[in-house]
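So this one's input06.cif, mmCIF, C-alpha atoms:
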data_target
#
loop_
_atom_site.label_atom_id
_atom_site.label_comp_id
_atom_site.auth_asym_id
_atom_site.auth_seq_id
_atom_site.Cartn_x
_atom_site.Cartn_y
_atom_site.Cartn_z
CA MET A 1001 -37.92 -55.07 197.85
CA SER A 1002 -39.38 -58.19 199.44
CA PRO A 1003 -41.85 -57.81 202.33
CA GLU A 1004 -39.30 -59.25 204.75
CA GLY A 1005 -36.63 -56.87 203.45
CA LYS A 1006 -38.96 -53.90 203.93
CA LYS A 1007 -39.61 -54.91 207.53
CA LEU A 1008 -35.90 -55.26 208.22
CA LEU A 1009 -35.27 -51.84 206.67
CA ASN A 1010 -37.93 -50.36 208.95
CA ILE A 1011 -36.18 -51.86 211.98
CA LEU A 1012 -32.85 -50.40 210.84
CA ILE A 1013 -34.36 -46.93 210.32
CA LEU A 1014 -36.07 -47.18 213.72
CA GLY A 1015 -32.75 -48.10 215.32
CA PHE A 1016 -30.82 -45.28 213.63
CA GLY A 1017 -33.51 -42.73 214.56
CA PHE A 1018 -33.29 -43.73 218.20
CA MET A 1019 -29.49 -43.84 217.99
CA PHE A 1020 -29.33 -40.16 216.98
CA MET A 1021 -31.97 -39.06 219.49
CA PHE A 1022 -30.43 -40.91 222.41
CA THR A 1023 -26.88 -39.99 221.45
CA ALA A 1024 -28.13 -36.58 222.55
CA PHE A 1025 -30.47 -37.49 225.40
CA GLN A 1026 -28.48 -40.23 227.15
CA THR A 1027 -25.36 -38.09 226.99
CA CYS A 1028 -27.39 -35.24 228.47
CA GLY A 1029 -28.64 -37.45 231.29
CA ASN A 1030 -25.16 -38.79 231.96
CA ILE A 1031 -23.59 -35.35 232.43
CA GLU A 1032 -26.41 -33.10 233.61
CA GLN A 1033 -25.85 -33.49 237.36
CA THR A 1034 -22.17 -32.70 236.88
CA VAL A 1035 -23.04 -29.75 234.62
CA ILE A 1036 -25.58 -28.37 237.09
CA LYS A 1037 -23.01 -28.43 239.90
CA SER A 1038 -20.73 -26.22 237.78
CA PHE A 1039 -23.30 -23.53 236.90
CA ASN A 1040 -22.03 -20.01 237.52
CA SER A 1041 -25.59 -18.64 237.85
CA THR A 1042 -26.90 -18.28 241.39
CA GLU A 1043 -30.46 -18.04 240.04
CA PHE A 1044 -30.58 -21.70 239.03
CA HIS A 1045 -31.53 -24.13 241.80
CA GLY A 1046 -32.31 -27.35 239.96
CA SER A 1047 -31.14 -30.93 240.56
CA GLY A 1048 -30.39 -33.42 237.82
CA TYR A 1049 -31.61 -36.31 239.98
CA THR A 1050 -34.88 -34.48 240.73
CA SER A 1051 -35.36 -33.70 237.03
CA MET A 1052 -34.92 -37.35 236.09
CA ALA A 1053 -37.30 -38.38 238.87
CA ILE A 1054 -39.92 -36.02 237.41
CA ILE A 1055 -39.30 -37.32 233.88
CA TYR A 1056 -39.73 -40.95 234.86
CA GLY A 1057 -42.63 -40.23 237.23
CA VAL A 1058 -44.57 -38.41 234.51
CA PHE A 1059 -43.40 -41.08 232.05
CA SER A 1060 -44.97 -43.81 234.17
CA ALA A 1061 -48.33 -42.03 234.51
CA SER A 1062 -48.41 -41.07 230.82
CA ASN A 1063 -48.01 -44.69 229.74
CA LEU A 1064 -51.68 -45.18 230.57
CA ILE A 1065 -52.71 -42.76 227.80
CA ALA A 1066 -49.85 -43.41 225.38
CA PRO A 1067 -51.56 -46.33 223.55
CA SER A 1068 -54.52 -44.06 222.86
CA VAL A 1069 -52.30 -41.37 221.33
CA VAL A 1070 -50.44 -43.90 219.18
CA THR A 1071 -53.76 -45.38 218.04
CA VAL A 1072 -55.15 -41.99 217.02
CA ILE A 1073 -52.18 -40.39 215.21
CA GLY A 1074 -50.12 -43.47 214.38
CA PRO A 1075 -46.63 -44.47 215.57
CA GLN A 1076 -44.72 -42.42 213.01
CA LEU A 1077 -46.09 -39.01 214.02
CA SER A 1078 -46.09 -40.11 217.66
CA MET A 1079 -42.33 -40.70 217.54
CA PHE A 1080 -41.67 -37.46 215.63
CA PHE A 1081 -43.54 -35.14 218.00
CA SER A 1082 -42.16 -36.94 221.05
CA GLY A 1083 -38.67 -36.48 219.65
CA LEU A 1084 -39.24 -32.74 219.41
CA LEU A 1085 -39.95 -32.67 223.16
CA TYR A 1086 -36.66 -34.51 223.80
CA SER A 1087 -34.84 -31.94 221.67
CA GLY A 1088 -36.47 -29.11 223.61
CA TYR A 1089 -35.28 -30.56 226.91
CA ILE A 1090 -31.69 -30.74 225.67
CA ALA A 1091 -31.84 -27.22 224.21
CA MET A 1092 -32.98 -25.89 227.60
CA PHE A 1093 -29.42 -26.39 228.94
CA ILE A 1094 -28.06 -23.78 226.53
CA TYR A 1095 -29.65 -21.01 228.66
CA PRO A 1096 -31.08 -22.80 231.71
CA TYR A 1097 -33.69 -21.48 234.12
CA THR A 1098 -35.18 -23.41 237.01
CA TRP A 1099 -38.77 -23.05 235.74
CA SER A 1100 -37.89 -24.13 232.17
CA PHE A 1101 -35.78 -27.01 233.49
CA TYR A 1102 -38.64 -28.61 235.42
CA THR A 1103 -41.30 -27.73 232.82
CA ALA A 1104 -39.20 -29.45 230.14
CA SER A 1105 -38.83 -32.44 232.48
CA VAL A 1106 -42.62 -32.84 232.63
CA LEU A 1107 -42.98 -32.54 228.84
CA VAL A 1108 -40.24 -35.10 228.18
CA GLY A 1109 -41.97 -37.51 230.56
CA ILE A 1110 -45.13 -37.29 228.47
CA GLY A 1111 -43.20 -37.57 225.21
CA ALA A 1112 -41.18 -40.55 226.43
CA ALA A 1113 -44.30 -42.61 227.13
CA ILE A 1114 -45.64 -41.97 223.64
CA LEU A 1115 -42.24 -42.49 222.00
CA TRP A 1116 -41.56 -45.90 223.56
CA THR A 1117 -45.10 -47.17 223.07
CA ALA A 1118 -44.86 -46.29 219.38
CA GLN A 1119 -41.42 -47.91 219.18
CA GLY A 1120 -42.74 -51.16 220.64
CA ASN A 1121 -45.63 -51.07 218.18
CA VAL A 1122 -43.32 -50.63 215.17
CA LEU A 1123 -40.95 -53.33 216.44
CA ALA A 1124 -43.76 -55.87 216.93
CA ILE A 1125 -45.55 -55.33 213.63
CA ASN A 1126 -42.32 -55.56 211.66
CA SER A 1127 -41.43 -58.87 213.32
CA THR A 1128 -42.65 -62.45 213.38
CA ASP A 1129 -42.23 -65.09 216.06
CA THR A 1130 -39.01 -66.17 214.36
CA THR A 1131 -37.55 -62.67 213.81
CA ILE A 1132 -38.57 -60.88 217.03
CA GLY A 1133 -35.34 -61.91 218.78
CA ARG A 1134 -33.16 -60.78 215.87
CA ASN A 1135 -35.01 -57.50 215.44
CA SER A 1136 -34.94 -56.75 219.17
CA GLY A 1137 -31.18 -57.24 219.13
CA ILE A 1138 -30.65 -55.09 216.04
CA PHE A 1139 -32.70 -52.26 217.54
CA TRP A 1140 -31.02 -52.56 220.93
CA ALA A 1141 -27.50 -52.57 219.48
CA LEU A 1142 -28.17 -49.51 217.29
CA LEU A 1143 -29.78 -47.70 220.22
CA GLN A 1144 -26.78 -48.34 222.44
CA PHE A 1145 -24.34 -46.97 219.87
CA SER A 1146 -25.69 -43.66 221.19
CA LEU A 1147 -23.72 -44.19 224.38
CA PHE A 1148 -20.52 -44.63 222.40
CA PHE A 1149 -20.72 -41.57 220.14
CA GLY A 1150 -22.17 -39.11 222.65
CA ASN A 1151 -19.75 -39.94 225.42
CA LEU A 1152 -16.76 -39.98 223.07
CA TYR A 1153 -17.67 -36.40 222.20
CA ILE A 1154 -17.87 -35.49 225.90
CA TYR A 1155 -14.46 -37.01 226.56
CA CYS A 1156 -12.84 -35.07 223.72
CA ALA A 1157 -14.60 -31.81 224.62
CA TRP A 1158 -13.91 -31.93 228.35
CA HIS A 1159 -10.53 -33.67 228.49
CA GLY A 1160 -8.38 -31.96 231.11
CA HIS A 1161 -11.19 -29.66 232.33
CA VAL A 1162 -11.47 -29.39 236.09
CA HIS A 1163 -14.41 -26.97 235.84
CA ILE A 1164 -17.12 -26.84 233.13
CA THR A 1165 -17.50 -23.27 231.86
CA ASP A 1166 -20.65 -21.72 230.37
CA LYS A 1167 -19.05 -21.82 226.91
CA ASP A 1168 -18.20 -25.51 227.31
CA ARG A 1169 -21.78 -26.25 228.30
CA GLN A 1170 -23.38 -24.23 225.49
CA THR A 1171 -21.18 -25.76 222.79
CA VAL A 1172 -22.00 -29.28 223.92
CA PHE A 1173 -25.75 -28.79 224.22
CA ILE A 1174 -26.15 -26.95 220.91
CA SER A 1175 -24.47 -29.91 219.21
CA LEU A 1176 -26.62 -32.43 221.08
CA THR A 1177 -29.81 -30.56 220.15
CA VAL A 1178 -28.98 -30.72 216.43
CA ILE A 1179 -28.17 -34.44 216.68
CA SER A 1180 -31.51 -35.11 218.40
CA LEU A 1181 -33.44 -33.28 215.66
CA VAL A 1182 -31.77 -35.41 212.97
CA GLY A 1183 -33.12 -38.52 214.70
CA CYS A 1184 -36.65 -37.06 214.78
CA PHE A 1185 -36.79 -36.58 211.03
CA LEU A 1186 -35.45 -40.07 210.30
CA PHE A 1187 -38.77 -41.52 211.51
CA PHE A 1188 -40.46 -40.21 208.36
CA LEU A 1189 -38.51 -42.81 206.35
CA ILE A 1190 -40.37 -45.71 208.01
CA ARG A 1191 -42.91 -47.30 205.66
CA LYS A 1192 -45.96 -49.44 206.32
CA PRO A 1193 -45.08 -53.16 205.92
CA ASP A 1194 -46.99 -55.27 203.41
CA PRO A 1195 -50.00 -56.95 205.06
CA GLU A 1196 -49.74 -60.64 205.89
CA PRO A 1197 -52.45 -63.14 204.91
CA CYS A 1198 -53.70 -63.10 208.49
CA ALA A 1199 -53.00 -59.56 209.58
CA SER A 1200 -52.85 -59.11 213.32
CA GLU A 1201 -54.58 -56.40 215.23
CA ALA A 1202 -51.21 -54.80 215.88
CA SER A 1203 -50.30 -54.49 212.21
CA GLU A 1204 -53.50 -52.60 211.48
CA SER A 1205 -52.31 -49.76 213.67
CA LEU A 1206 -49.01 -49.05 211.88
CA LEU A 1207 -49.01 -45.63 210.24
CA GLN A 1208 -52.76 -45.54 210.74
CA ALA A 1209 -52.99 -42.02 209.44
CA GLU A 1210 -51.96 -43.30 206.00
CA SER A 1211 -54.00 -46.50 205.96
CA THR A 1212 -57.38 -45.01 206.87
CA GLU A 1213 -57.64 -42.14 204.38
CA SER A 1214 -60.41 -43.84 202.44
CA ASN A 1215 -62.43 -44.30 205.65
CA SER A 1216 -62.34 -40.60 206.54
CA LEU A 1217 -59.46 -39.93 208.89
CA ALA A 1218 -61.36 -37.16 210.61
CA SER A 1219 -64.02 -39.48 212.02
CA THR A 1220 -63.88 -38.27 215.62
CA PRO A 1221 -66.25 -40.82 217.20
CA GLY A 1222 -64.27 -43.71 215.69
CA LEU A 1223 -60.94 -42.33 216.88
CA CYS A 1224 -62.28 -41.72 220.37
CA SER A 1225 -63.56 -45.28 220.50
CA GLN A 1226 -60.17 -46.65 219.42
CA ALA A 1227 -58.38 -44.47 221.97
CA LEU A 1228 -60.67 -45.64 224.79
CA ASP A 1229 -60.26 -49.25 223.70
CA ALA A 1230 -56.44 -48.93 223.78
CA PHE A 1231 -56.60 -47.42 227.28
CA VAL A 1232 -58.85 -50.21 228.57
CA LYS A 1233 -56.58 -52.87 227.05
CA ALA A 1234 -53.53 -51.35 228.78
CA CYS A 1235 -55.30 -51.37 232.15
CA LYS A 1236 -56.46 -54.97 231.74
CA MET A 1237 -53.07 -56.14 230.56
CA PHE A 1238 -51.42 -54.70 233.66
CA VAL A 1239 -53.06 -57.38 235.84
CA THR A 1240 -52.59 -60.37 233.55
CA LYS A 1241 -50.59 -63.31 234.91
CA GLU A 1242 -47.86 -62.84 232.31
CA MET A 1243 -47.32 -59.15 233.06
CA LEU A 1244 -47.43 -59.67 236.81
CA LEU A 1245 -44.67 -62.26 236.49
CA LEU A 1246 -42.56 -59.93 234.37
CA GLY A 1247 -43.24 -56.90 236.58
CA THR A 1248 -40.36 -57.43 239.02
CA SER A 1249 -37.74 -57.95 236.31
CA ILE A 1250 -39.05 -54.91 234.41
CA GLY A 1251 -38.86 -52.92 237.66
CA TYR A 1252 -35.26 -54.00 238.14
CA THR A 1253 -34.31 -52.66 234.70
CA GLY A 1254 -35.74 -49.31 235.79
CA LEU A 1255 -33.56 -49.23 238.90
CA GLU A 1256 -30.37 -50.17 237.11
CA LEU A 1257 -31.20 -47.76 234.25
CA THR A 1258 -31.08 -44.98 236.84
CA PHE A 1259 -27.82 -46.27 238.23
CA TYR A 1260 -25.83 -46.66 235.03
CA SER A 1261 -27.29 -43.65 233.18
CA GLY A 1262 -27.09 -41.07 235.96
CA VAL A 1263 -25.64 -42.15 239.29
CA TYR A 1264 -22.52 -44.08 238.28
CA GLY A 1265 -21.17 -41.37 235.97
CA THR A 1266 -21.63 -38.82 238.74
CA CYS A 1267 -19.75 -41.11 241.14
CA ILE A 1268 -16.79 -41.40 238.78
CA GLY A 1269 -16.70 -37.65 238.20
CA ALA A 1270 -16.66 -37.07 241.97
CA MET A 1271 -13.66 -39.33 242.64
CA THR A 1272 -10.78 -36.86 243.07
CA ARG A 1273 -8.44 -39.83 243.57
CA PHE A 1274 -8.89 -40.58 239.85
CA GLY A 1275 -6.94 -37.38 239.11
CA LYS A 1276 -7.73 -34.12 237.33
CA ASP A 1277 -9.36 -35.96 234.40
CA ALA A 1278 -12.14 -37.38 236.58
CA LYS A 1279 -14.74 -35.20 234.79
CA SER A 1280 -13.75 -36.46 231.33
CA LEU A 1281 -13.85 -40.03 232.67
CA ILE A 1282 -17.64 -39.65 232.76
CA GLY A 1283 -17.52 -39.78 228.95
CA ILE A 1284 -15.17 -42.77 228.88
CA SER A 1285 -17.42 -44.59 231.37
CA GLY A 1286 -20.39 -43.99 229.08
CA ILE A 1287 -18.41 -45.38 226.13
CA PHE A 1288 -17.65 -48.60 228.01
CA ILE A 1289 -21.31 -48.91 229.02
CA GLY A 1290 -22.21 -48.52 225.34
CA ILE A 1291 -19.67 -51.15 224.27
CA GLY A 1292 -21.22 -53.59 226.74
CA GLU A 1293 -24.72 -52.79 225.51
CA ILE A 1294 -23.76 -53.17 221.85
CA LEU A 1295 -21.89 -56.43 222.42
CA GLY A 1296 -24.79 -57.89 224.38
CA GLY A 1297 -27.34 -56.80 221.80
CA GLY A 1298 -25.25 -58.27 219.01
CA ILE A 1299 -24.61 -61.61 220.67
CA PHE A 1300 -28.08 -62.26 222.07
CA GLY A 1301 -30.19 -60.48 219.48
CA MET A 1302 -28.67 -59.92 216.06
CA LEU A 1303 -26.86 -63.25 215.89
CA ASN A 1304 -29.86 -65.02 217.45
CA LYS A 1305 -27.58 -67.65 218.97
CA CYS A 1306 -29.56 -68.31 222.12
CA ASN A 1307 -32.95 -69.31 220.68
CA ARG A 1308 -32.36 -73.04 221.05
CA PHE A 1309 -31.63 -72.61 224.76
CA GLY A 1310 -34.41 -70.13 225.55
CA ARG A 1311 -34.11 -66.76 227.27
CA ASN A 1312 -33.26 -67.93 230.80
CA PRO A 1313 -29.49 -68.45 230.29
CA VAL A 1314 -29.13 -64.90 228.96
CA VAL A 1315 -30.97 -63.40 231.93
CA LEU A 1316 -28.88 -65.51 234.33
CA LEU A 1317 -25.70 -64.26 232.65
CA GLY A 1318 -26.97 -60.70 233.00
CA LEU A 1319 -27.63 -61.22 236.71
CA ILE A 1320 -24.15 -62.66 237.36
CA THR A 1321 -22.54 -59.85 235.34
CA HIS A 1322 -24.36 -57.20 237.35
CA PHE A 1323 -23.54 -58.81 240.69
CA VAL A 1324 -19.84 -58.82 239.80
CA ALA A 1325 -20.08 -55.15 238.77
CA PHE A 1326 -21.90 -54.15 241.96
CA TYR A 1327 -19.30 -55.88 244.13
CA LEU A 1328 -16.37 -54.21 242.35
CA ILE A 1329 -18.09 -50.80 242.55
CA PHE A 1330 -18.63 -51.34 246.28
CA LEU A 1331 -14.89 -51.97 246.67
CA ASN A 1332 -13.68 -49.22 244.33
CA ILE A 1333 -15.96 -46.17 244.71
CA ALA A 1334 -16.35 -44.07 247.87
CA ARG A 1335 -19.72 -44.44 249.55
CA ASP A 1336 -20.47 -40.67 249.48
CA ALA A 1337 -19.65 -40.24 245.75
CA PRO A 1338 -23.30 -39.90 244.58
CA LEU A 1339 -23.84 -36.97 246.96
CA ALA A 1340 -20.44 -35.26 246.70
CA PRO A 1341 -20.19 -31.52 245.79
CA GLU A 1342 -18.49 -30.29 242.61
CA ALA A 1343 -15.10 -30.42 244.35
CA GLY A 1344 -15.56 -34.21 244.68
CA THR A 1345 -14.83 -36.60 247.53
CA GLU A 1346 -11.53 -37.43 249.18
CA LEU A 1347 -12.84 -40.62 250.79
CA GLN A 1348 -11.54 -44.03 249.74
CA ALA A 1349 -13.52 -47.26 249.55
CA TYR A 1350 -12.02 -50.67 250.38
CA ILE A 1351 -9.29 -50.77 247.73
CA MET A 1352 -7.04 -48.17 246.15
CA PRO A 1353 -9.31 -46.42 243.59
CA SER A 1354 -8.62 -47.78 240.12
CA VAL A 1355 -9.74 -46.21 236.84
CA ALA A 1356 -9.38 -49.61 235.12
CA VAL A 1357 -11.74 -51.28 237.60
CA ALA A 1358 -14.21 -48.39 237.29
CA LEU A 1359 -14.29 -48.73 233.48
CA LEU A 1360 -14.55 -52.53 233.71
CA CYS A 1361 -17.64 -52.03 235.88
CA SER A 1362 -19.06 -49.65 233.25
CA PHE A 1363 -18.70 -52.38 230.63
CA LEU A 1364 -20.28 -54.99 232.92
CA LEU A 1365 -23.22 -52.69 233.71
CA GLY A 1366 -23.90 -52.19 230.00
CA PHE A 1367 -23.49 -55.85 229.08
CA GLY A 1368 -25.78 -57.02 231.89
CA ASP A 1369 -28.40 -54.40 231.00
CA SER A 1370 -28.48 -55.61 227.40
CA CYS A 1371 -29.01 -59.19 228.62
CA PHE A 1372 -32.12 -58.20 230.55
CA ASN A 1373 -33.60 -55.75 228.06
CA THR A 1374 -33.18 -57.80 224.87
CA GLN A 1375 -34.88 -60.76 226.53
CA LEU A 1376 -37.69 -58.62 227.96
CA LEU A 1377 -38.32 -57.06 224.53
CA SER A 1378 -38.31 -60.54 223.02
CA ILE A 1379 -40.67 -62.18 225.50
CA ILE A 1380 -43.14 -59.26 225.51
CA GLY A 1381 -43.11 -59.12 221.70
CA PHE A 1382 -43.83 -62.87 221.66
CA MET A 1383 -46.47 -63.02 224.38
CA PHE A 1384 -48.39 -59.87 223.38
CA ARG A 1385 -47.81 -59.65 219.64
CA ASP A 1386 -51.49 -59.00 218.89
CA ASN A 1387 -51.66 -56.20 221.47
CA SER A 1388 -48.16 -54.77 221.27
CA ALA A 1389 -48.90 -51.09 221.95
CA PRO A 1390 -50.66 -51.66 225.32
CA ALA A 1391 -48.07 -54.28 226.31
CA PHE A 1392 -45.09 -52.02 225.71
CA ALA A 1393 -46.93 -49.17 227.41
CA VAL A 1394 -47.29 -51.29 230.56
CA PHE A 1395 -43.63 -52.33 230.24
CA LYS A 1396 -42.51 -48.71 230.17
CA PHE A 1397 -44.98 -47.76 232.93
CA ILE A 1398 -43.38 -50.21 235.36
CA GLN A 1399 -39.82 -49.46 234.26
CA SER A 1400 -40.21 -45.70 234.43
CA ILE A 1401 -41.95 -45.56 237.80
CA MET A 1402 -39.12 -47.61 239.31
CA ALA A 1403 -36.57 -45.34 237.61
CA ALA A 1404 -38.35 -42.31 239.09
CA ILE A 1405 -38.18 -43.85 242.57
CA ALA A 1406 -34.47 -44.60 242.08
CA PHE A 1407 -33.65 -41.06 240.94
CA PHE A 1408 -35.54 -39.73 243.96
CA TYR A 1409 -33.66 -41.82 246.53
CA SER A 1410 -30.36 -41.10 244.73
CA ASN A 1411 -30.58 -37.60 246.22
CA TYR A 1412 -30.31 -39.08 249.72
CA LEU A 1413 -28.86 -42.61 249.85
CA LEU A 1414 -25.16 -43.40 250.02
CA LEU A 1415 -23.70 -45.71 247.38
CA HIS A 1416 -23.69 -48.96 249.39
CA TRP A 1417 -27.44 -48.69 250.11
CA GLN A 1418 -28.20 -48.12 246.45
CA LEU A 1419 -26.16 -51.20 245.53
CA LEU A 1420 -28.00 -53.32 248.11
CA ILE A 1421 -31.36 -52.36 246.60
CA LEU A 1422 -30.09 -53.33 243.14
CA VAL A 1423 -28.83 -56.73 244.35
CA VAL A 1424 -32.14 -57.65 246.01
CA MET A 1425 -34.27 -56.48 243.07
CA GLY A 1426 -31.98 -58.15 240.54
CA PHE A 1427 -32.32 -61.53 242.26
CA LEU A 1428 -36.10 -61.30 242.61
CA GLY A 1429 -36.49 -60.03 239.05
CA SER A 1430 -34.52 -62.92 237.61
CA MET A 1431 -36.55 -65.51 239.53
CA THR A 1432 -39.86 -64.10 238.29
CA PHE A 1433 -38.51 -63.90 234.72
CA PHE A 1434 -37.70 -67.62 234.82
CA MET A 1435 -41.31 -68.28 235.84
CA ALA A 1436 -42.63 -66.09 233.01
CA GLU A 1437 -40.39 -67.85 230.48
CA ALA A 1438 -41.69 -71.24 231.65
CA HIS A 1439 -45.24 -69.97 231.16
CA ALA A 1440 -44.39 -68.64 227.67
CA GLU A 1441 -42.78 -71.94 226.68
CA SER A 1442 -45.84 -73.84 227.92
CA SER A 1443 -48.11 -71.59 225.85
CA ARG A 1444 -45.91 -72.10 222.78
CA ARG A 1445 -46.13 -75.89 223.11
CA GLU A 1446 -49.91 -75.74 223.49
CA SER A 1447 -50.15 -73.51 220.41
CA ASP A 1448 -47.96 -75.89 218.39
CA TYR A 1449 -50.10 -78.85 219.51
CA ASP A 1450 -53.36 -77.10 218.61
CA SER A 1451 -52.05 -76.28 215.12
CA ILE A 1452 -51.41 -79.94 214.29
#
Represent the structure of the file as structure tokens.
Amino acid sequence: MSPEGKKLLNILILGFGFMFMFTAFQTCGNIEQTVIKSFNSTEFHGSGYTSMAIIYGVFSASNLIAPSVVTVIGPQLSMFFSGLLYSGYIAMFIYPYTWSFYTASVLVGIGAAILWTAQGNVLAINSTDTTIGRNSGIFWALLQFSLFFGNLYIYCAWHGHVHITDKDRQTVFISLTVISLVGCFLFFLIRKPDPEPCASEASESLLQAESTESNSLASTPGLCSQALDAFVKACKMFVTKEMLLLGTSIGYTGLELTFYSGVYGTCIGAMTRFGKDAKSLIGISGIFIGIGEILGGGIFGMLNKCNRFGRNPVVLLGLITHFVAFYLIFLNIARDAPLAPEAGTELQAYIMPSVAVALLCSFLLGFGDSCFNTQLLSIIGFMFRDNSAPAFAVFKFIQSIMAAIAFFYSNYLLLHWQLLILVVMGFLGSMTFFMAEAHAESSRRESDYDSI
């Protein structure tokens, strides 16, 4: 197999591994608040929103040490062990206890930071300046297939159910745990790419455990030095001009991640005016989000159609798409839906509640999210290719801390206030992205001139 073919195969395996893992985890996150409301046990006093706030809060803090872990044990083992923590969190719902629920939330937060830092490292070192857009799109599209399969299963399993029984819950979460474990073991199929003539610093870190056998892998002082160096690089990168410009748009993706992955599904499930199948509509909503994500990843990543026009038009399209979705949600969904009890809400928004409009908004949320995330992955992979692990760690640090804040205020704010926050942050994030893209294009021209 050619070197380029091996890199592409690695990207495909990476995408399928994440697809299996997040088929389980994103489905879990989408339904957990609804599931928790239906628990028969009076001994359980957890909140899905609080759990997600803990996950993303710990996630954000752990991103500061994640590059060090990836440097020491390599991205392959980092992704495997992190995946086991995700599987443990999902398995906890089979027989849930309050203490295990929140303990698992902390552990997943730590694992998530390591997992996504390693993912960014593998993506960057298997890409070049000309293939980073394509590879980002391939990975993103495969990842978002997880929304389709997981939520289709939820729809079929819960169709017609007004109340979620213990047996319903256990059957679903046993299946999701097995699916997550399959994704973990797929990471062992990733192979180290052939070195380029001028190997970058990032490529030297891929599967480091394999590549340093002849230099004594157990050299503790050397590993500690590498870990400290990765930590320092992450801290320094956080205050660079490029990352400061991208910070607001990254933060916005954290807020809307919270909204589409946790809050919006809960809102749909709480709308009694959607009929007795409102609970199963959570699964259908997730499917439409996934379709939007996959379509966006395919158009703007895999097909690589937008390179000649730059990244700005894609981000602008994502902003417009989200604004349309937010406006329709404001008109269609009752303002107290995020906070409604298991019985749901009888309130009506500004139009007669429509399932078709609700599912259209799901699609628009997914499509707009893919616009932002594929372009952020692309620009970070381009601007920080020689220091990909620290760069993606900072990316996830900002995104996850904003997601944690959003999950926290989701316990208290009515829907229209949450939408207002998203509109303001979306506008500011797009403006700062345009500035970062102008800076990246200027750097590219200077690099091309210097190479003449």
Hey, what's within 12 Å of Ala1024 of chain A if we count all atoms listed in the file and toss same-chain stuff fewer than 5 positions away? As a ChimeraX atom specification, please? /A:1017-1019,1029-1032,1083,1086-1091,1143-1154,1172-1184
Take the residues from that selection and write them out as an mmCIF file, keeping the file's coordinate frame, keeping C-alpha atoms.
data_model
loop_
_atom_site.group_PDB
_atom_site.id
_atom_site.type_symbol
_atom_site.label_atom_id
_atom_site.label_comp_id
_atom_site.auth_asym_id
_atom_site.auth_seq_id
_atom_site.Cartn_x
_atom_site.Cartn_y
_atom_site.Cartn_z
ATOM 1 C CA GLY A 1017 -33.510 -42.730 214.560
ATOM 2 C CA PHE A 1018 -33.290 -43.730 218.200
ATOM 3 C CA MET A 1019 -29.490 -43.840 217.990
ATOM 4 C CA GLY A 1029 -28.640 -37.450 231.290
ATOM 5 C CA ASN A 1030 -25.160 -38.790 231.960
ATOM 6 C CA ILE A 1031 -23.590 -35.350 232.430
ATOM 7 C CA GLU A 1032 -26.410 -33.100 233.610
ATOM 8 C CA GLY A 1083 -38.670 -36.480 219.650
ATOM 9 C CA TYR A 1086 -36.660 -34.510 223.800
ATOM 10 C CA SER A 1087 -34.840 -31.940 221.670
ATOM 11 C CA GLY A 1088 -36.470 -29.110 223.610
ATOM 12 C CA TYR A 1089 -35.280 -30.560 226.910
ATOM 13 C CA ILE A 1090 -31.690 -30.740 225.670
ATOM 14 C CA ALA A 1091 -31.840 -27.220 224.210
ATOM 15 C CA LEU A 1143 -29.780 -47.700 220.220
ATOM 16 C CA GLN A 1144 -26.780 -48.340 222.440
ATOM 17 C CA PHE A 1145 -24.340 -46.970 219.870
ATOM 18 C CA SER A 1146 -25.690 -43.660 221.190
ATOM 19 C CA LEU A 1147 -23.720 -44.190 224.380
ATOM 20 C CA PHE A 1148 -20.520 -44.630 222.400
ATOM 21 C CA PHE A 1149 -20.720 -41.570 220.140
ATOM 22 C CA GLY A 1150 -22.170 -39.110 222.650
ATOM 23 C CA ASN A 1151 -19.750 -39.940 225.420
ATOM 24 C CA LEU A 1152 -16.760 -39.980 223.070
ATOM 25 C CA TYR A 1153 -17.670 -36.400 222.200
ATOM 26 C CA ILE A 1154 -17.870 -35.490 225.900
ATOM 27 C CA VAL A 1172 -22.000 -29.280 223.920
ATOM 28 C CA PHE A 1173 -25.750 -28.790 224.220
ATOM 29 C CA ILE A 1174 -26.150 -26.950 220.910
ATOM 30 C CA SER A 1175 -24.470 -29.910 219.210
ATOM 31 C CA LEU A 1176 -26.620 -32.430 221.080
ATOM 32 C CA THR A 1177 -29.810 -30.560 220.150
ATOM 33 C CA VAL A 1178 -28.980 -30.720 216.430
ATOM 34 C CA ILE A 1179 -28.170 -34.440 216.680
ATOM 35 C CA SER A 1180 -31.510 -35.110 218.400
ATOM 36 C CA LEU A 1181 -33.440 -33.280 215.660
ATOM 37 C CA VAL A 1182 -31.770 -35.410 212.970
ATOM 38 C CA GLY A 1183 -33.120 -38.520 214.700
ATOM 39 C CA CYS A 1184 -36.650 -37.060 214.780
#
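Between atom CA of Phe1187 of chain A and atom CA of Phe1080 of chain A the interatomic distance comes to 6.5 Å.
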May I have a table of the residues of segment 1063-1154 of chain A lying at most 9 Å from segment 1004-1011 of chain A, giving each one's closest pair of atoms and their distance in Å to one decimal, counting only C-alpha atoms, ordered by chain and ascending residue number, as CSV?
residue,atom,partner,partner_atom,distance
A:Val1122,CA,A:Ile1011,CA,7.9
A:Leu1123,CA,A:Ile1011,CA,6.7
A:Ile1125,CA,A:Lys1007,CA,8.5
A:Asn1126,CA,A:Lys1007,CA,5.0
A:Ser1127,CA,A:Lys1007,CA,7.2
A:Asn1135,CA,A:Ile1011,CA,6.7
A:Ser1136,CA,A:Ile1011,CA,8.8
A:Ile1138,CA,A:Ile1011,CA,7.6
A:Phe1139,CA,A:Ile1011,CA,6.6
Using only C-alpha atoms - which residues lie no farther than 12 Å from the point (-12.8, -41.5, 250.4) in the file's frame? Write them as a VMD selection string. chain A and resid 1267 1270 to 1274 1331 to 1337 1340 1344 to 1353
